[in-house]
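Shown here: entry.pdb, PDB, C-alpha atoms.
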MODEL        1
ATOM      1  CA  MET A   1     227.724  80.252 -79.764
ATOM      2  CA  ASP A   2     225.755  83.112 -81.293
ATOM      3  CA  ARG A   3     223.660  80.704 -83.303
ATOM      4  CA  ARG A   4     222.722  78.581 -80.299
ATOM      5  CA  TRP A   5     221.738  81.627 -78.313
ATOM      6  CA  LEU A   6     219.643  82.839 -81.198
ATOM      7  CA  PHE A   7     217.918  79.449 -81.463
ATOM      8  CA  LEU A   8     217.279  79.377 -77.704
ATOM      9  CA  SER A   9     215.827  82.883 -77.732
ATOM     10  CA  ALA A  10     213.482  81.994 -80.599
ATOM     11  CA  ALA A  11     212.269  78.884 -78.733
ATOM     12  CA  VAL A  12     211.580  80.864 -75.586
ATOM     13  CA  ALA A  13     209.689  83.499 -77.590
ATOM     14  CA  LEU A  14     207.553  80.787 -79.239
ATOM     15  CA  ILE A  15     206.681  79.294 -75.846
ATOM     16  CA  VAL A  16     205.704  82.699 -74.467
ATOM     17  CA  VAL A  17     203.451  83.406 -77.475
ATOM     18  CA  SER A  18     201.777  80.007 -77.206
ATOM     19  CA  LEU A  19     201.112  80.471 -73.500
ATOM     20  CA  GLY A  20     199.587  83.902 -74.203
ATOM     21  CA  VAL A  21     197.231  82.410 -76.788
ATOM     22  CA  VAL A  22     196.083  79.731 -74.329
ATOM     23  CA  LEU A  23     195.436  82.251 -71.570
ATOM     24  CA  LEU A  24     193.514  84.493 -73.991
ATOM     25  CA  ARG A  25     191.240  81.599 -75.008
ATOM     26  CA  ASP A  26     190.522  80.772 -71.333
ATOM     27  CA  ASP A  27     189.553  84.387 -70.652
ATOM     28  CA  GLU A  28     187.147  84.378 -73.639
ATOM     29  CA  SER A  29     185.547  81.142 -72.379
ATOM     30  CA  ASP A  30     185.075  82.574 -68.901
ATOM     31  CA  THR A  31     183.531  85.693 -70.410
ATOM     32  CA  ARG A  32     181.046  83.620 -72.432
ATOM     33  CA  ARG A  33     180.125  81.520 -69.369
ATOM     34  CA  ALA A  34     179.596  84.680 -67.349
ATOM     35  CA  ALA A  35     177.241  86.054 -70.037
ATOM     36  CA  ASP A  36     175.200  82.833 -70.065
ATOM     37  CA  THR A  37     174.834  82.636 -66.243
ATOM     38  CA  PRO A  38     171.819  84.670 -64.751
ATOM     39  CA  VAL A  39     172.831  87.330 -62.312
ATOM     40  CA  ALA A  40     171.338  86.891 -58.794
ATOM     41  CA  SER A  41     168.831  89.610 -57.834
ATOM     42  CA  THR A  42     167.602  90.777 -54.424
ATOM     43  CA  GLN A  43     164.031  90.489 -55.849
ATOM     44  CA  ALA A  44     164.388  86.841 -56.860
ATOM     45  CA  ASN A  45     162.605  85.513 -53.720
ATOM     46  CA  VAL A  46     159.881  88.214 -53.562
ATOM     47  CA  PRO A  47     156.434  86.996 -54.702
ATOM     48  CA  PRO A  48     154.498  88.991 -57.317
ATOM     49  CA  ALA A  49     152.789  92.055 -55.882
ATOM     50  CA  THR A  50     149.291  90.874 -56.766
ATOM     51  CA  LYS A  51     149.696  87.849 -54.501
ATOM     52  CA  SER A  52     150.816  89.774 -51.455
ATOM     53  CA  PRO A  53     148.361  89.572 -48.558
ATOM     54  CA  SER A  54     146.745  92.772 -47.420
ATOM     55  CA  PRO A  55     146.896  93.761 -43.743
ATOM     56  CA  SER A  56     143.435  92.279 -43.203
ATOM     57  CA  GLY A  57     144.549  88.943 -44.553
ATOM     58  CA  SER A  58     142.502  89.041 -47.741
ATOM     59  CA  ALA A  59     144.134  88.934 -51.139
ATOM     60  CA  THR A  60     144.645  92.286 -52.842
ATOM     61  CA  ILE A  61     142.584  92.538 -56.015
ATOM     62  CA  THR A  62     144.098  94.694 -58.705
ATOM     63  CA  ALA A  63     141.113  94.643 -61.101
ATOM     64  CA  SER A  64     137.398  93.853 -60.794
ATOM     65  CA  PRO A  65     135.973  91.206 -63.081
ATOM     66  CA  LYS A  66     133.493  92.417 -65.668
ATOM     67  CA  PRO A  67     129.859  91.434 -65.047
ATOM     68  CA  SER A  68     128.634  88.525 -67.066
ATOM     69  CA  ALA A  69     125.799  88.995 -69.522
ATOM     70  CA  ARG A  70     124.028  86.123 -67.680
ATOM     71  CA  THR A  71     123.928  87.671 -64.244
ATOM     72  CA  THR A  72     122.810  85.296 -61.518
ATOM     73  CA  PRO A  73     120.242  86.825 -59.175
ATOM     74  CA  ALA A  74     121.567  87.601 -55.744
ATOM     75  CA  SER A  75     120.924  85.073 -53.036
ATOM     76  CA  PRO A  76     118.305  85.997 -50.426
ATOM     77  CA  SER A  77     119.656  87.899 -47.474
ATOM     78  CA  ALA A  78     119.787  86.327 -44.056
ATOM     79  CA  SER A  79     116.704  88.259 -42.952
ATOM     80  CA  ALA A  80     114.714  87.104 -45.950
ATOM     81  CA  THR A  81     115.729  83.523 -45.348
ATOM     82  CA  SER A  82     114.793  83.624 -41.696
ATOM     83  CA  ALA A  83     111.441  85.199 -42.535
ATOM     84  CA  SER A  84     110.494  82.187 -44.611
ATOM     85  CA  ALA A  85     111.188  79.819 -41.762
ATOM     86  CA  LYS A  86     108.406  78.563 -39.545
ATOM     87  CA  PRO A  87     107.688  81.225 -36.927
ATOM     88  CA  PRO A  88     108.038  80.376 -33.251
ATOM     89  CA  ALA A  89     104.934  79.695 -31.228
ATOM     90  CA  ALA A  90     104.938  83.189 -29.754
ATOM     91  CA  ASP A  91     104.689  84.662 -33.260
ATOM     92  CA  SER A  92     102.071  82.270 -34.650
ATOM     93  CA  ALA A  93      99.296  84.800 -34.159
ATOM     94  CA  GLN A  94     101.183  87.392 -36.137
ATOM     95  CA  ALA A  95     101.901  84.940 -38.956
ATOM     96  CA  ALA A  96      98.274  83.878 -39.149
ATOM     97  CA  SER A  97      97.113  87.470 -39.517
ATOM     98  CA  ALA A  98      98.607  87.782 -43.004
ATOM     99  CA  GLY A  99      95.138  87.148 -44.474
ATOM    100  CA  ALA A 100      93.437  89.420 -41.935
ATOM    101  CA  PRO A 101      95.409  92.680 -41.911
ATOM    102  CA  LEU A 102      92.846  94.538 -39.771
ATOM    103  CA  ALA A 103      92.499  91.917 -37.044
ATOM    104  CA  GLY A 104      93.091  92.875 -33.441
ATOM    105  CA  ARG A 105      94.085  90.449 -30.695
ATOM    106  CA  ILE A 106      91.708  87.766 -31.950
ATOM    107  CA  ARG A 107      92.994  86.513 -35.280
ATOM    108  CA  PRO A 108      91.809  83.796 -37.647
ATOM    109  CA  ASN A 109      93.584  80.436 -37.800
ATOM    110  CA  VAL A 110      95.022  80.867 -34.319
ATOM    111  CA  THR A 111      94.107  78.582 -31.405
ATOM    112  CA  TYR A 112      93.976  80.246 -27.995
ATOM    113  CA  ARG A 113      94.113  78.529 -24.603
ATOM    114  CA  GLY A 114      92.236  79.565 -21.513
ATOM    115  CA  ILE A 115      89.529  78.792 -18.979
ATOM    116  CA  ALA A 116      85.769  78.586 -19.458
ATOM    117  CA  THR A 117      83.381  79.705 -16.738
ATOM    118  CA  PHE A 118      79.684  80.499 -17.003
ATOM    119  CA  TYR A 119      77.015  82.986 -15.985
ATOM    120  CA  ASP A 120      73.311  83.537 -16.563
ATOM    121  CA  ALA A 121      73.192  85.306 -19.913
ATOM    122  CA  ASP A 122      70.315  86.657 -21.996
ATOM    123  CA  GLY A 123      72.201  87.608 -25.163
ATOM    124  CA  GLY A 124      72.714  91.213 -24.092
ATOM    125  CA  GLY A 125      75.632  92.844 -22.323
ATOM    126  CA  ALA A 126      78.449  95.303 -22.930
ATOM    127  CA  CYS A 127      78.107  95.081 -26.726
ATOM    128  CA  LEU A 128      74.587  96.579 -26.322
ATOM    129  CA  TYR A 129      72.877  93.952 -28.427
ATOM    130  CA  ASP A 130      69.266  93.297 -27.567
ATOM    131  CA  PRO A 131      68.499  90.328 -25.310
ATOM    132  CA  SER A 132      67.338  87.396 -27.388
ATOM    133  CA  GLY A 133      66.453  83.756 -27.299
ATOM    134  CA  ASP A 134      69.901  82.877 -28.592
ATOM    135  CA  VAL A 135      71.534  81.304 -25.561
ATOM    136  CA  MET A 136      74.761  80.285 -27.312
ATOM    137  CA  THR A 137      76.569  83.456 -26.334
ATOM    138  CA  ALA A 138      79.577  84.412 -24.213
ATOM    139  CA  ALA A 139      81.443  87.244 -22.552
ATOM    140  CA  MET A 140      85.065  87.820 -23.601
ATOM    141  CA  ASN A 141      87.750  88.756 -21.078
ATOM    142  CA  SER A 142      88.579  92.474 -21.105
ATOM    143  CA  THR A 143      92.008  92.011 -22.701
ATOM    144  CA  ASP A 144      90.683  90.096 -25.700
ATOM    145  CA  TYR A 145      87.478  92.164 -25.742
ATOM    146  CA  GLU A 146      89.778  94.976 -26.871
ATOM    147  CA  THR A 147      87.414  97.969 -26.758
ATOM    148  CA  ALA A 148      84.525  96.054 -28.329
ATOM    149  CA  LYS A 149      86.551  94.640 -31.253
ATOM    150  CA  ALA A 150      85.405  91.174 -30.150
ATOM    151  CA  CYS A 151      81.707  92.133 -30.242
ATOM    152  CA  GLY A 152      79.729  89.945 -32.606
ATOM    153  CA  ALA A 153      82.621  87.566 -33.262
ATOM    154  CA  TYR A 154      81.810  83.865 -33.532
ATOM    155  CA  VAL A 155      84.133  81.652 -31.512
ATOM    156  CA  SER A 156      84.468  77.865 -31.496
ATOM    157  CA  VAL A 157      85.194  76.589 -27.969
ATOM    158  CA  ARG A 158      86.597  73.097 -27.372
ATOM    159  CA  ALA A 159      86.846  71.239 -24.066
ATOM    160  CA  ALA A 160      89.550  68.729 -23.153
ATOM    161  CA  ASN A 161      87.117  65.865 -23.836
ATOM    162  CA  GLY A 162      86.859  66.953 -27.491
ATOM    163  CA  THR A 163      83.362  68.436 -27.291
ATOM    164  CA  SER A 164      83.037  71.803 -29.039
ATOM    165  CA  ILE A 165      80.418  74.530 -29.424
ATOM    166  CA  THR A 166      80.178  77.838 -31.276
ATOM    167  CA  VAL A 167      79.160  80.970 -29.398
ATOM    168  CA  ARG A 168      78.758  84.632 -30.303
ATOM    169  CA  ILE A 169      80.483  87.285 -28.199
ATOM    170  CA  THR A 170      77.884  89.694 -26.806
ATOM    171  CA  ASN A 171      79.415  90.784 -23.513
ATOM    172  CA  GLU A 172      82.629  91.650 -21.687
ATOM    173  CA  CYS A 173      83.900  89.713 -18.690
ATOM    174  CA  PRO A 174      85.523  92.301 -16.395
ATOM    175  CA  GLY A 175      88.788  92.182 -14.432
ATOM    176  CA  GLU A 176      88.335  88.802 -12.794
ATOM    177  CA  CYS A 177      88.564  87.102 -16.198
ATOM    178  CA  ALA A 178      92.157  86.484 -17.274
ATOM    179  CA  PRO A 179      93.382  86.794 -20.879
ATOM    180  CA  GLY A 180      92.191  83.760 -22.834
ATOM    181  CA  GLN A 181      89.224  83.189 -20.502
ATOM    182  CA  ILE A 182      85.667  83.064 -21.831
ATOM    183  CA  ASP A 183      82.599  83.368 -19.611
ATOM    184  CA  LEU A 184      79.990  81.241 -21.374
ATOM    185  CA  SER A 185      76.264  81.329 -20.975
ATOM    186  CA  ALA A 186      75.142  78.622 -18.566
ATOM    187  CA  GLU A 187      73.517  76.756 -21.447
ATOM    188  CA  ALA A 188      76.699  76.834 -23.544
ATOM    189  CA  PHE A 189      78.872  75.652 -20.643
ATOM    190  CA  ALA A 190      76.508  72.730 -19.962
ATOM    191  CA  LYS A 191      77.202  71.412 -23.478
ATOM    192  CA  LEU A 192      80.901  71.114 -22.637
ATOM    193  CA  ALA A 193      80.849  69.939 -19.014
ATOM    194  CA  ALA A 194      78.615  69.491 -15.999
ATOM    195  CA  PRO A 195      77.917  72.856 -14.322
ATOM    196  CA  VAL A 196      79.269  71.456 -11.051
ATOM    197  CA  ALA A 197      82.749  71.623 -12.605
ATOM    198  CA  GLY A 198      82.553  75.403 -12.388
ATOM    199  CA  ARG A 199      85.552  76.050 -14.653
ATOM    200  CA  ILE A 200      87.296  73.933 -17.236
ATOM    201  CA  ALA A 201      90.348  74.197 -19.490
ATOM    202  CA  ILE A 202      89.499  75.057 -23.102
ATOM    203  CA  THR A 203      90.939  76.040 -26.433
ATOM    204  CA  TRP A 204      89.115  78.417 -28.729
ATOM    205  CA  LYS A 205      89.445  80.077 -32.107
ATOM    206  CA  LEU A 206      87.654  82.524 -34.378
ATOM    207  CA  VAL A 207      85.256  81.065 -36.954
ATOM    208  CA  SER A 208      83.253  82.407 -39.889
ATOM    209  CA  PRO A 209      79.892  80.597 -39.774
ATOM    210  CA  SER A 210      77.765  79.848 -42.818
ATOM    211  CA  THR A 211      74.381  80.035 -41.100
ATOM    212  CA  VAL A 212      73.933  83.775 -40.714
ATOM    213  CA  GLY A 213      71.555  86.190 -42.411
ATOM    214  CA  THR A 214      72.260  89.717 -43.565
ATOM    215  CA  MET A 215      73.642  92.544 -41.459
ATOM    216  CA  SER A 216      71.605  95.242 -39.738
ATOM    217  CA  VAL A 217      72.423  98.799 -38.706
ATOM    218  CA  ARG A 218      71.145 100.764 -35.738
ATOM    219  CA  TYR A 219      71.434 104.432 -34.774
ATOM    220  CA  LYS A 220      71.886 105.040 -31.067
ATOM    221  CA  THR A 221      69.257 106.700 -28.941
ATOM    222  CA  GLY A 222      69.685 110.481 -29.223
ATOM    223  CA  SER A 223      71.170 110.377 -32.720
ATOM    224  CA  SER A 224      70.417 113.245 -35.094
ATOM    225  CA  GLN A 225      72.019 115.072 -37.978
ATOM    226  CA  TYR A 226      74.250 116.844 -35.455
ATOM    227  CA  TRP A 227      75.487 113.822 -33.507
ATOM    228  CA  CYS A 228      75.050 110.105 -33.988
ATOM    229  CA  GLY A 229      76.218 106.706 -32.912
ATOM    230  CA  ILE A 230      76.081 103.778 -35.355
ATOM    231  CA  GLN A 231      76.084 100.067 -34.513
ATOM    232  CA  VAL A 232      76.448  97.058 -36.837
ATOM    233  CA  ILE A 233      74.568  93.893 -35.896
ATOM    234  CA  GLY A 234      74.622  90.339 -37.264
ATOM    235  CA  HIS A 235      77.967  90.498 -39.108
ATOM    236  CA  ARG A 236      79.591  87.180 -39.999
ATOM    237  CA  ASN A 237      83.159  88.353 -39.382
ATOM    238  CA  PRO A 238      84.433  90.828 -36.786
ATOM    239  CA  VAL A 239      84.058  94.471 -37.798
ATOM    240  CA  ALA A 240      87.352  96.352 -38.024
ATOM    241  CA  ARG A 241      86.094  99.837 -38.863
ATOM    242  CA  LEU A 242      83.092 101.893 -39.882
ATOM    243  CA  GLU A 243      83.205 104.938 -42.164
ATOM    244  CA  VAL A 244      80.633 107.508 -43.247
ATOM    245  CA  ARG A 245      80.458 109.511 -46.436
ATOM    246  CA  ALA A 246      82.080 112.921 -45.972
ATOM    247  CA  GLY A 247      81.936 115.049 -49.104
ATOM    248  CA  SER A 248      83.725 113.181 -51.875
ATOM    249  CA  GLY A 249      85.515 110.823 -49.478
ATOM    250  CA  TRP A 250      85.040 108.714 -46.355
ATOM    251  CA  ARG A 251      85.600 109.476 -42.703
ATOM    252  CA  GLN A 252      86.435 106.736 -40.211
ATOM    253  CA  LEU A 253      84.531 106.911 -36.924
ATOM    254  CA  ALA A 254      85.972 106.049 -33.525
ATOM    255  CA  ARG A 255      84.645 102.937 -31.791
ATOM    256  CA  THR A 256      83.502 102.984 -28.191
ATOM    257  CA  ASP A 257      83.808 100.173 -25.671
ATOM    258  CA  TYR A 258      80.015  99.798 -25.831
ATOM    259  CA  ASN A 259      80.210  98.918 -29.531
ATOM    260  CA  TYR A 260      78.972 102.089 -31.248
ATOM    261  CA  PHE A 261      80.897 104.191 -33.754
ATOM    262  CA  LEU A 262      80.460 107.891 -32.990
ATOM    263  CA  SER A 263      80.265 110.969 -35.203
ATOM    264  CA  GLU A 264      80.623 113.725 -32.609
ATOM    265  CA  ASP A 265      79.964 116.586 -35.028
ATOM    266  CA  GLY A 266      77.273 114.917 -37.123
ATOM    267  CA  THR A 267      79.468 114.259 -40.164
ATOM    268  CA  GLY A 268      77.878 111.513 -42.276
ATOM    269  CA  CYS A 269      74.893 110.978 -39.983
ATOM    270  CA  GLY A 270      72.039 109.679 -42.158
ATOM    271  CA  GLY A 271      74.295 109.182 -45.195
ATOM    272  CA  ALA A 272      76.084 106.231 -46.777
ATOM    273  CA  ILE A 273      77.897 103.860 -44.402
ATOM    274  CA  ARG A 274      80.904 101.697 -45.263
ATOM    275  CA  VAL A 275      81.720  98.726 -43.018
ATOM    276  CA  THR A 276      85.006  96.792 -43.223
ATOM    277  CA  ASP A 277      85.753  93.427 -41.645
ATOM    278  CA  ILE A 278      89.134  92.214 -40.357
ATOM    279  CA  PHE A 279      89.865  90.626 -43.749
ATOM    280  CA  GLY A 280      89.552  93.989 -45.497
ATOM    281  CA  GLU A 281      86.221  93.324 -47.214
ATOM    282  CA  ARG A 282      84.168  96.529 -47.519
ATOM    283  CA  LEU A 283      80.399  96.695 -47.674
ATOM    284  CA  THR A 284      78.580  99.947 -48.472
ATOM    285  CA  VAL A 285      75.069 100.553 -47.193
ATOM    286  CA  ASP A 286      72.849 103.376 -48.464
ATOM    287  CA  GLY A 287      69.396 104.562 -47.400
ATOM    288  CA  VAL A 288      69.674 103.987 -43.645
ATOM    289  CA  ALA A 289      67.648 106.793 -42.125
ATOM    290  CA  ILE A 290      68.352 108.241 -38.706
ATOM    291  CA  ARG A 291      65.808 106.298 -36.697
ATOM    292  CA  PRO A 292      67.221 106.075 -33.175
ATOM    293  CA  ASP A 293      67.168 102.650 -31.530
ATOM    294  CA  ALA A 294      65.604 100.969 -34.562
ATOM    295  CA  VAL A 295      67.279  97.901 -36.076
ATOM    296  CA  GLN A 296      67.274  98.391 -39.843
ATOM    297  CA  SER A 297      68.061  95.417 -42.070
ATOM    298  CA  THR A 298      70.383  95.564 -45.046
ATOM    299  CA  ARG A 299      70.880  93.204 -47.942
ATOM    300  CA  VAL A 300      74.608  92.653 -47.500
ATOM    301  CA  GLN A 301      76.850  90.297 -45.577
ATOM    302  CA  PHE A 302      80.575  89.577 -45.406
ATOM    303  CA  ALA A 303      81.907  86.556 -47.261
ATOM    304  CA  LYS A 304      82.560  83.330 -45.381
ATOM    305  CA  ARG A 305      86.242  82.821 -44.617
TER
ENDMDL
END
Can you present the structure in this file as structure tokens?
Amino acid sequence: MDRRWLFLSAAVALIVVSLGVVLLRDDESDTRRAADTPVASTQANVPPATKSPSPSGSATITASPKPSARTTPASPSASATSASAKPPAADSAQAASAGAPLAGRIRPNVTYRGIATFYDADGGGACLYDPSGDVMTAAMNSTDYETAKACGAYVSVRAANGTSITVRITNECPGECAPGQIDLSAEAFAKLAAPVAGRIAITWKLVSPSTVGTMSVRYKTGSSQYWCGIQVIGHRNPVARLEVRAGSGWRQLARTDYNYFLSEDGTGCGGAIRVTDIFGERLTVDGVAIRPDAVQSTRVQFAKR
């Protein structure tokens, strides 16, 4: 009896030990599997910070790229690009003046539209040129006359039928002439249309003729060393300004609407004169004595443009 109980107890103890070993091995396996399995994190679904959009919707940049040794020039700005485009018709006059920085309303390479009328002209008028046998002259409307800036300018006038003539501006057409209108001499008008037409549509533009002589200078009646008025005659291109020698420099004189440049205090009267056309060309004339109302020839002329 004692032996059987002892045998039974030993068998039970063996079974208990075996079961403990099996359970221990299962726990070790679970531990290893737990070590090999990644632990879930609350940050697992959050994108990297550098990819997060900023409030404005643009990507956040954490570092600026270094400039390349071969830097590409910046592209022209929008204003520079638009400036290179063809200007609208309203700005064509401004664009054409690039080669004539001192031009007034009448600019080279610009075609103007208007009306041509006519009157009995003798070559004289508001510009105070002497009457002459040159009948191919005209009076410019007051707007384009522009305080005598148009005086002496040569203008090519074209009628709708294609006929054209060149006239010299010697006079001003007062208020009844609209901007763009030219009042031609009767002889000049007759070359474009029958006088019975009275007024015709025209286009016109500034020209720089080849058949001109040299310029002349005239001091106004009453001029002296204390006050003088100076006029330029026979210039190929419109005159933009007139200066007189004043010490070691030059003094620009104001222009009147009757086409004389005045030195109210006598500065430069009888000295060197510098004349500049609308293209910026300067011509200096020396040795012009104060001889009131006398036309004195020079040996200079502006270049043909």
Give me, as a tab-separated table (two decimals) with C-alpha atoms, in the coordinates of the input, all polymer residues having an atom no more than 10 Å from stretch 194-205 of chain A, counting all atoms listed in the file and skipping those fewer than 3 positions away in the same chain.
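Saved as out-v4.tsv:
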chain	number	residue	atom	x	y	z
A	106	ILE	CA	91.71	87.77	-31.95
A	107	ARG	CA	92.99	86.51	-35.28
A	108	PRO	CA	91.81	83.80	-37.65
A	109	ASN	CA	93.58	80.44	-37.80
A	110	VAL	CA	95.02	80.87	-34.32
A	111	THR	CA	94.11	78.58	-31.40
A	112	TYR	CA	93.98	80.25	-28.00
A	113	ARG	CA	94.11	78.53	-24.60
A	114	GLY	CA	92.24	79.56	-21.51
A	115	ILE	CA	89.53	78.79	-18.98
A	116	ALA	CA	85.77	78.59	-19.46
A	117	THR	CA	83.38	79.70	-16.74
A	118	PHE	CA	79.68	80.50	-17.00
A	154	TYR	CA	81.81	83.86	-33.53
A	155	VAL	CA	84.13	81.65	-31.51
A	156	SER	CA	84.47	77.86	-31.50
A	157	VAL	CA	85.19	76.59	-27.97
A	158	ARG	CA	86.60	73.10	-27.37
A	159	ALA	CA	86.85	71.24	-24.07
A	160	ALA	CA	89.55	68.73	-23.15
A	161	ASN	CA	87.12	65.86	-23.84
A	162	GLY	CA	86.86	66.95	-27.49
A	163	THR	CA	83.36	68.44	-27.29
A	164	SER	CA	83.04	71.80	-29.04
A	165	ILE	CA	80.42	74.53	-29.42
A	166	THR	CA	80.18	77.84	-31.28
A	180	GLY	CA	92.19	83.76	-22.83
A	181	GLN	CA	89.22	83.19	-20.50
A	182	ILE	CA	85.67	83.06	-21.83
A	183	ASP	CA	82.60	83.37	-19.61
A	186	ALA	CA	75.14	78.62	-18.57
A	187	GLU	CA	73.52	76.76	-21.45
A	189	PHE	CA	78.87	75.65	-20.64
A	190	ALA	CA	76.51	72.73	-19.96
A	191	LYS	CA	77.20	71.41	-23.48
Gap from atom CA of A:Val288 to atom CA of A:Val232 - Å, one decimal
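Result for atom CA of A:Val288 versus atom CA of A:Val232: 11.8 Å, one decimal.
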Using the chain letters and numbers from this file, what does the PyMOL selection byres ((chain A and resi 256) around 12) select? Give the answer as a ChimeraX atom specification.
/A:126-128,145-149,151,229-231,241-242,253-255,257-264
Under the PyMOL selection byres ((chain A and resi 215-224) around 6), which residues of this model are included? Write them out as a list in words.
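Residues picked by the PyMOL selection byres ((chain A and resi 215-224) around 6): Thr214, Gln225, Tyr226, Trp227, Cys228, Gly229, Ile230, Gln231, Val232, Ile233, Gly234, His235, Pro292, Asp293, Ala294, Val295, Gln296, Ser297, Thr298 and Gln301 of chain A.
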Can you write out the residues you just picked, keeping C-alpha atoms, as a PDB file, keeping the file's coordinate frame?
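Generated output (part.pdb):
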ATOM      1  CA  THR A 214      72.260  89.717 -43.565  1.00  0.00           C
ATOM      2  CA  GLN A 225      72.019 115.072 -37.978  1.00  0.00           C
ATOM      3  CA  TYR A 226      74.250 116.844 -35.455  1.00  0.00           C
ATOM      4  CA  TRP A 227      75.487 113.822 -33.507  1.00  0.00           C
ATOM      5  CA  CYS A 228      75.050 110.105 -33.988  1.00  0.00           C
ATOM      6  CA  GLY A 229      76.218 106.706 -32.912  1.00  0.00           C
ATOM      7  CA  ILE A 230      76.081 103.778 -35.355  1.00  0.00           C
ATOM      8  CA  GLN A 231      76.084 100.067 -34.513  1.00  0.00           C
ATOM      9  CA  VAL A 232      76.448  97.058 -36.837  1.00  0.00           C
ATOM     10  CA  ILE A 233      74.568  93.893 -35.896  1.00  0.00           C
ATOM     11  CA  GLY A 234      74.622  90.339 -37.264  1.00  0.00           C
ATOM     12  CA  HIS A 235      77.967  90.498 -39.108  1.00  0.00           C
ATOM     13  CA  PRO A 292      67.221 106.075 -33.175  1.00  0.00           C
ATOM     14  CA  ASP A 293      67.168 102.650 -31.530  1.00  0.00           C
ATOM     15  CA  ALA A 294      65.604 100.969 -34.562  1.00  0.00           C
ATOM     16  CA  VAL A 295      67.279  97.901 -36.076  1.00  0.00           C
ATOM     17  CA  GLN A 296      67.274  98.391 -39.843  1.00  0.00           C
ATOM     18  CA  SER A 297      68.061  95.417 -42.070  1.00  0.00           C
ATOM     19  CA  THR A 298      70.383  95.564 -45.046  1.00  0.00           C
ATOM     20  CA  GLN A 301      76.850  90.297 -45.577  1.00  0.00           C
TER      21      GLN A 301
END
Residues near A:Gly133, anyone? I mean within 12 Å using only C-alpha atoms, not counting same-chain ones fewer than 4 positions away, as a CSV table (one decimal) with C-alpha atoms, in the coordinates of the input.
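What landed in selection_15.csv:
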chain,number,residue,atom,x,y,z
A,121,ALA,CA,73.2,85.3,-19.9
A,122,ASP,CA,70.3,86.7,-22.0
A,123,GLY,CA,72.2,87.6,-25.2
A,124,GLY,CA,72.7,91.2,-24.1
A,137,THR,CA,76.6,83.5,-26.3
A,185,SER,CA,76.3,81.3,-21.0
A,187,GLU,CA,73.5,76.8,-21.4
Just how far from atom CA of A:Ile169 is atom CA of A:Ala240, in Å to one decimal?
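Separation between atom CA of A:Ala240 and atom CA of A:Ile169: 15.0 Å.
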Determine the residue membership of the PyMOL selection byres ((chain A and resi 282) around 12) for the file above and supply it as a PyMOL selection string.
chain A and resi 102+237+239-243+273-281+283-285+300-303
Can you write just those residues out, C-alpha atoms, as a short mmCIF file (atom, residue, chain, number, x, y, z; two decimals), in the coordinates of the input?
data_model
loop_
_atom_site.label_atom_id
_atom_site.label_comp_id
_atom_site.auth_asym_id
_atom_site.auth_seq_id
_atom_site.Cartn_x
_atom_site.Cartn_y
_atom_site.Cartn_z
CA LEU A 102 92.85 94.54 -39.77
CA ASN A 237 83.16 88.35 -39.38
CA VAL A 239 84.06 94.47 -37.80
CA ALA A 240 87.35 96.35 -38.02
CA ARG A 241 86.09 99.84 -38.86
CA LEU A 242 83.09 101.89 -39.88
CA GLU A 243 83.20 104.94 -42.16
CA ILE A 273 77.90 103.86 -44.40
CA ARG A 274 80.90 101.70 -45.26
CA VAL A 275 81.72 98.73 -43.02
CA THR A 276 85.01 96.79 -43.22
CA ASP A 277 85.75 93.43 -41.64
CA ILE A 278 89.13 92.21 -40.36
CA PHE A 279 89.86 90.63 -43.75
CA GLY A 280 89.55 93.99 -45.50
CA GLU A 281 86.22 93.32 -47.21
CA LEU A 283 80.40 96.70 -47.67
CA THR A 284 78.58 99.95 -48.47
CA VAL A 285 75.07 100.55 -47.19
CA VAL A 300 74.61 92.65 -47.50
CA GLN A 301 76.85 90.30 -45.58
CA PHE A 302 80.58 89.58 -45.41
CA ALA A 303 81.91 86.56 -47.26
#
How many Å lie between atom CA of A:Ser132 and atom CA of A:Thr211, rounded to one decimal?
17.1 Å
